[in-house]
Amino acid sequence: DAASSAPVYVRSNSSTGTSTTLDIGSVGTNRLVVIIASREGGSTNLTGAQVDGKACIFVTRAVNPDGAVNRTEMWYCDEDNLGSSTSSVNVAIQGGSASWATHAHLYTGAAQSGPIDAGVDQTSVSSTTINVSGIDVPVNGLVVMSAANGQSGTYNTWTSPLTERTDGPNPNSAVLATASDIETSAITNKTYTATGSVVNNRGTGIVASWAPAAASSWTYCADENQFCSFSGTKQVRYGANSTYFYQSFTDGTSCSNSVFGDPLFGVLKHCDYQ
């Protein structure tokens with residue numbers, strides 16, 4: 001399949017502590033929930049992250065050991081993890097405390113195969129910048145970046161094309177901000193920088209990239225109880241919300257439960273062919 005249009009940033013939410021809420025939309029839209037959590041001080045990493053009680057996948061962590069120590073982690077859940085969960089749900093980190101802050105983003109149209117690339121900055125000391133180098137991004141790929149430090153102030157500037165999505169709430173005695181956007185051409189070995197308004201005592205940053213979901217090879221042909229018209233022999237699917245029954249037909253078919261059976265009771269269905 002050819003690459004589809006770029007993933008879409010839908011919304012985000014954030015809170016201090018170990019949980020927040022996020023409307024994760026509808027099943028079957030190639031959803032991606034990215035969770036970024038950070039804290040200043042302490043020696044304990046997270047043990048997990050969940051969306052609606054469902055386990056997410058660890059991407060990477062950045063730990064700057066200078067002084068009190070600053071740490072940030074990134075996790076994600078896609079359709080395989082989210083399953084049938086929809087609408088407003090709880091997003092939580094595990095193994096953390098009130099000293100953490102939790103930020104969560106929802107994207108649609110993202111590839112469901114995990115990050116293409118990821119990198120960290122865990123050495124920034126007495127600097128205004130967080131720099132994450134060596135990142136590859138495919139055409140129309142999504143880039144998500146976090147920047148944190150054990151100081152105050154805000155992150156004012158991000159490497160193009162990044163757009164700030166959340167600026168706080170912050171961890172105790174620290175700052176956490178997140179940004180994202182789409183690279184419209186293929187990128188190799190790029191450095192992404194977040195520039196703060198004050199010199200940090202120690203900082204951490206994470207960048208990860210995702211490919212767009214593959215373009216669908218299916219062509220819509222009819223709603224339920226209509227006729228699906230085409231010439232030749234085609235595979236036809238009947239259903240909705242990523243739940244389908246499949247059969248092969250020649251020169252069209254009725255799009256109905258009587259032909260396919262009912263893959264999703266009580267929901268209006270449709271037919272596509274390829």
# chains A, B, ... in the order shown; residues from 1 in each chain; ligands from 1

call {"tool": "residues_around", "arguments": {"residues": "stretch 162-167 of chain A", "least_positions_apart": "4", "cutoff": "7 Å", "atoms": "only C-alpha atoms", "output": "count of residues only"}}
result
7

call {"tool": "residues_around", "arguments": {"residues": "A:Val63", "least_positions_apart": "6", "cutoff": "8 Å", "atoms": "only C-alpha atoms", "output": "ChimeraX atom specification"}}
result
/A:69-72,122,204

call {"tool": "residues_around", "arguments": {"residues": "stretch 239-247 of chain A", "least_positions_apart": "3", "cutoff": "7 Å", "atoms": "only C-alpha atoms", "output": "PyMOL selection string"}}
result
chain A and resi 27-28+235-236+260+263-264+269-271

call {"tool": "write_last_selection", "arguments": {"atoms": "N, CA and C atoms", "output": "PDB file, in the first residue's frame"}}
result
ATOM      1  N   VAL A  27     -12.921   3.583  17.604  1.00  0.00           N
ATOM      2  CA  VAL A  27     -12.192   2.413  17.114  1.00  0.00           C
ATOM      3  C   VAL A  27     -12.004   2.504  15.609  1.00  0.00           C
ATOM      4  N   GLY A  28     -10.880   1.993  15.116  1.00  0.00           N
ATOM      5  CA  GLY A  28     -10.689   1.859  13.681  1.00  0.00           C
ATOM      6  C   GLY A  28     -10.189   3.088  12.976  1.00  0.00           C
ATOM      7  N   GLN A 235     -12.726  -9.251  -3.818  1.00  0.00           N
ATOM      8  CA  GLN A 235     -12.982  -9.575  -2.421  1.00  0.00           C
ATOM      9  C   GLN A 235     -13.806  -8.447  -1.829  1.00  0.00           C
ATOM     10  N   VAL A 236     -14.853  -8.800  -1.099  1.00  0.00           N
ATOM     11  CA  VAL A 236     -15.767  -7.815  -0.522  1.00  0.00           C
ATOM     12  C   VAL A 236     -15.791  -8.018   0.999  1.00  0.00           C
ATOM     13  N   PHE A 260     -23.887 -12.067   4.033  1.00  0.00           N
ATOM     14  CA  PHE A 260     -22.617 -12.188   4.757  1.00  0.00           C
ATOM     15  C   PHE A 260     -22.769 -12.748   6.172  1.00  0.00           C
ATOM     16  N   PRO A 263     -21.767  -9.257  11.223  1.00  0.00           N
ATOM     17  CA  PRO A 263     -20.520  -9.164  11.989  1.00  0.00           C
ATOM     18  C   PRO A 263     -20.599  -8.230  13.190  1.00  0.00           C
ATOM     19  N   LEU A 264     -21.620  -7.366  13.240  1.00  0.00           N
ATOM     20  CA  LEU A 264     -21.685  -6.346  14.282  1.00  0.00           C
ATOM     21  C   LEU A 264     -23.148  -5.989  14.523  1.00  0.00           C
ATOM     22  N   LYS A 269     -23.957  -1.069   8.848  1.00  0.00           N
ATOM     23  CA  LYS A 269     -22.755  -1.592   8.177  1.00  0.00           C
ATOM     24  C   LYS A 269     -22.668  -1.105   6.733  1.00  0.00           C
ATOM     25  N   HIS A 270     -21.568  -1.446   6.072  1.00  0.00           N
ATOM     26  CA  HIS A 270     -21.366  -1.068   4.681  1.00  0.00           C
ATOM     27  C   HIS A 270     -20.489  -2.128   4.021  1.00  0.00           C
ATOM     28  N   CYS A 271     -20.329  -1.999   2.707  1.00  0.00           N
ATOM     29  CA  CYS A 271     -19.452  -2.892   1.939  1.00  0.00           C
ATOM     30  C   CYS A 271     -18.339  -2.107   1.264  1.00  0.00           C
TER      31      CYS A 271
END

call {"tool": "select_by_dssp", "arguments": {"residues": "stretch 30-263 of chain A", "states": "strand (DSSP E or B)", "output": "count of residues only"}}
result
145

call {"tool": "closest_residue", "arguments": {"among": "A:Ala211, A:Ala68, A:Ile93, A:Ile116", "to": "A:Val139", "atoms": "only C-alpha atoms"}}
result
A:Ala211

call {"tool": "residues_around", "arguments": {"residues": "stretch 43-57 of chain A", "least_positions_apart": "5", "cutoff": "6 Å", "atoms": "only C-alpha atoms", "output": "PyMOL selection string"}}
result
chain A and resi 75-77+89-96

call {"tool": "write_last_selection", "arguments": {"atoms": "C-alpha atoms", "output": "PDB file, in the first residue's frame"}}
result
ATOM      1  CA  TRP A  75       5.022   5.119  26.434  1.00  0.00           C
ATOM      2  CA  TYR A  76       2.374   4.505  23.759  1.00  0.00           C
ATOM      3  CA  CYS A  77      -0.848   2.613  23.118  1.00  0.00           C
ATOM      4  CA  VAL A  89     -10.953   7.316  29.657  1.00  0.00           C
ATOM      5  CA  ASN A  90      -8.316   7.312  32.371  1.00  0.00           C
ATOM      6  CA  VAL A  91      -4.635   7.532  31.385  1.00  0.00           C
ATOM      7  CA  ALA A  92      -2.327   6.438  34.188  1.00  0.00           C
ATOM      8  CA  ILE A  93       1.336   5.794  34.937  1.00  0.00           C
ATOM      9  CA  GLN A  94       2.350   3.000  37.282  1.00  0.00           C
ATOM     10  CA  GLY A  95       5.110   3.078  39.875  1.00  0.00           C
ATOM     11  CA  GLY A  96       5.021   6.863  40.083  1.00  0.00           C
TER      12      GLY A  96
END

call {"tool": "residues_around", "arguments": {"residues": "A:Ala62", "least_positions_apart": "3", "cutoff": "12 Å", "atoms": "only C-alpha atoms", "output": "PyMOL selection string"}}
result
chain A and resi 36-40+45-46+59+65+69-74+118-124+130+132+146-149+202-207

call {"tool": "write_last_selection", "arguments": {"atoms": "N, CA and C atoms", "output": "compact mmCIF listing (two decimals), in the first residue's frame"}}
result
# COMPACT_ATOMS: atom_id res chain seq x y z
N ILE A 36 3.70 10.88 28.07
CA ILE A 36 4.99 11.36 28.52
C ILE A 36 4.86 11.69 30.00
N ALA A 37 5.76 11.17 30.81
CA ALA A 37 5.74 11.43 32.24
C ALA A 37 7.13 11.84 32.69
N SER A 38 7.20 12.78 33.65
CA SER A 38 8.49 13.31 34.08
C SER A 38 8.46 13.66 35.55
N ARG A 39 9.64 13.65 36.18
CA ARG A 39 9.77 14.11 37.55
C ARG A 39 11.17 14.61 37.82
N GLU A 40 11.30 15.38 38.87
CA GLU A 40 12.59 15.87 39.36
C GLU A 40 12.87 15.18 40.69
N ASN A 45 12.17 4.37 38.41
CA ASN A 45 11.55 4.46 37.10
C ASN A 45 10.12 3.95 37.17
N LEU A 46 9.32 4.29 36.18
CA LEU A 46 7.96 3.77 36.10
C LEU A 46 7.98 2.28 35.81
N VAL A 59 8.59 3.12 25.25
CA VAL A 59 9.42 3.61 24.15
C VAL A 59 10.86 3.80 24.63
N PRO A 65 21.60 12.38 35.50
CA PRO A 65 22.01 12.09 36.87
C PRO A 65 22.57 13.28 37.63
N VAL A 69 18.71 14.76 40.03
CA VAL A 69 18.31 13.83 38.96
C VAL A 69 16.97 14.26 38.36
N ASN A 70 16.92 14.35 37.03
CA ASN A 70 15.70 14.61 36.29
C ASN A 70 15.44 13.44 35.38
N ARG A 71 14.19 12.95 35.33
CA ARG A 71 13.88 11.78 34.51
C ARG A 71 12.57 11.98 33.77
N THR A 72 12.54 11.46 32.52
CA THR A 72 11.34 11.51 31.68
C THR A 72 11.19 10.15 30.99
N GLU A 73 9.95 9.69 30.83
CA GLU A 73 9.67 8.44 30.12
C GLU A 73 8.59 8.66 29.08
N MET A 74 8.64 7.85 28.01
CA MET A 74 7.61 7.88 26.97
C MET A 74 7.06 6.47 26.77
N ALA A 118 13.69 6.61 17.89
CA ALA A 118 13.56 7.32 19.15
C ALA A 118 14.95 7.65 19.67
N GLY A 119 15.06 8.77 20.39
CA GLY A 119 16.32 9.17 20.96
C GLY A 119 16.11 10.02 22.19
N VAL A 120 17.19 10.28 22.94
CA VAL A 120 17.08 11.04 24.18
C VAL A 120 18.21 12.05 24.31
N ASP A 121 17.97 13.06 25.14
CA ASP A 121 19.01 13.94 25.67
C ASP A 121 18.93 13.80 27.19
N GLN A 122 20.02 13.31 27.80
CA GLN A 122 20.05 13.17 29.25
C GLN A 122 21.35 13.75 29.83
N THR A 123 21.92 14.68 29.08
CA THR A 123 23.20 15.28 29.49
C THR A 123 23.15 16.81 29.55
N SER A 124 21.99 17.41 29.32
CA SER A 124 21.90 18.86 29.32
C SER A 124 22.04 19.41 30.74
N ILE A 130 17.42 21.70 25.14
CA ILE A 130 17.38 20.24 25.13
C ILE A 130 17.55 19.83 23.67
N VAL A 132 17.95 16.55 21.01
CA VAL A 132 17.87 15.12 20.73
C VAL A 132 18.29 14.91 19.28
N SER A 146 9.45 15.64 23.95
CA SER A 146 9.26 16.17 25.30
C SER A 146 10.53 16.90 25.72
N ALA A 147 10.35 17.91 26.58
CA ALA A 147 11.48 18.64 27.15
C ALA A 147 11.17 18.91 28.61
N ALA A 148 12.13 18.60 29.49
CA ALA A 148 11.91 18.78 30.92
C ALA A 148 13.18 19.25 31.58
N ASN A 149 13.03 19.96 32.70
CA ASN A 149 14.20 20.32 33.50
C ASN A 149 13.79 20.57 34.94
N ARG A 202 19.48 20.97 35.10
CA ARG A 202 19.65 19.67 34.42
C ARG A 202 18.36 19.42 33.63
N GLY A 203 18.49 18.81 32.47
CA GLY A 203 17.31 18.60 31.64
C GLY A 203 17.30 17.24 30.97
N THR A 204 16.11 16.83 30.55
CA THR A 204 15.94 15.59 29.79
C THR A 204 14.99 15.83 28.62
N GLY A 205 15.24 15.13 27.54
CA GLY A 205 14.36 15.23 26.37
C GLY A 205 14.23 13.88 25.68
N ILE A 206 13.08 13.65 25.09
CA ILE A 206 12.82 12.44 24.30
C ILE A 206 12.18 12.86 22.98
N VAL A 207 12.59 12.22 21.89
CA VAL A 207 11.94 12.38 20.59
C VAL A 207 11.66 10.99 20.04

call {"tool": "closest_residue", "arguments": {"among": "A:Val259, A:Leu106, A:Ala215, A:Val175", "to": "A:Thr16", "atoms": "only C-alpha atoms"}}
result
A:Val175

call {"tool": "atom_distance", "arguments": {"atom1": "atom CA of A:Ser99", "atom2": "atom CA of A:Ser126"}}
result
22.4 Å

call {"tool": "residues_around", "arguments": {"residues": "A:Phe227", "least_positions_apart": "6", "cutoff": "8 Å", "atoms": "only C-alpha atoms", "output": "ChimeraX atom specification"}}
result
/A:221,252-255

call {"tool": "write_last_selection", "arguments": {"atoms": "all heavy atoms", "output": "short mmCIF file (atom, residue, chain, number, x, y, z; two decimals), in the first residue's frame"}}
result
data_model
loop_
_atom_site.label_atom_id
_atom_site.label_comp_id
_atom_site.auth_asym_id
_atom_site.auth_seq_id
_atom_site.Cartn_x
_atom_site.Cartn_y
_atom_site.Cartn_z
N CYS A 221 -18.43 0.74 -1.58
CA CYS A 221 -19.37 0.51 -2.69
C CYS A 221 -20.84 0.57 -2.30
O CYS A 221 -21.69 0.82 -3.16
CB CYS A 221 -19.08 -0.83 -3.38
SG CYS A 221 -19.20 -2.28 -2.30
N GLY A 252 -20.54 -7.95 -8.60
CA GLY A 252 -21.39 -7.31 -7.61
C GLY A 252 -22.08 -8.26 -6.66
O GLY A 252 -22.11 -9.47 -6.88
N THR A 253 -22.63 -7.68 -5.58
CA THR A 253 -23.35 -8.47 -4.58
C THR A 253 -24.25 -7.58 -3.75
O THR A 253 -23.99 -6.37 -3.59
CB THR A 253 -22.37 -9.19 -3.64
OG1 THR A 253 -23.11 -9.95 -2.68
CG2 THR A 253 -21.49 -8.21 -2.88
N SER A 254 -25.28 -8.16 -3.20
CA SER A 254 -26.09 -7.46 -2.20
C SER A 254 -25.27 -7.29 -0.93
O SER A 254 -24.53 -8.19 -0.51
CB SER A 254 -27.36 -8.26 -1.90
OG SER A 254 -28.09 -7.65 -0.86
N CYS A 255 -25.38 -6.14 -0.33
CA CYS A 255 -24.63 -5.79 0.88
C CYS A 255 -25.58 -5.95 2.07
O CYS A 255 -26.24 -4.99 2.48
CB CYS A 255 -24.11 -4.36 0.76
SG CYS A 255 -23.12 -3.77 2.13
#

call {"tool": "residues_around", "arguments": {"residues": "A:Val33", "least_positions_apart": "2", "cutoff": "8 Å", "atoms": "only C-alpha atoms", "output": "NGL selection string"}}
result
:A and (24 or 31 or 35 or 76-78 or 104-107)

call {"tool": "closest_residue", "arguments": {"among": "A:Thr250, A:Ser88, A:Thr129, A:Ser217", "to": "A:Asp272", "atoms": "only C-alpha atoms"}}
result
A:Ser217

call {"tool": "atom_distance", "arguments": {"atom1": "atom CA of A:Asp251", "atom2": "atom CA of A:Ala214"}}
result
27.4 Å

call {"tool": "select_by_dssp", "arguments": {"residues": "stretch 208-269 of chain A", "states": "alpha helix (DSSP H)", "output": "count of residues only"}}
result
4
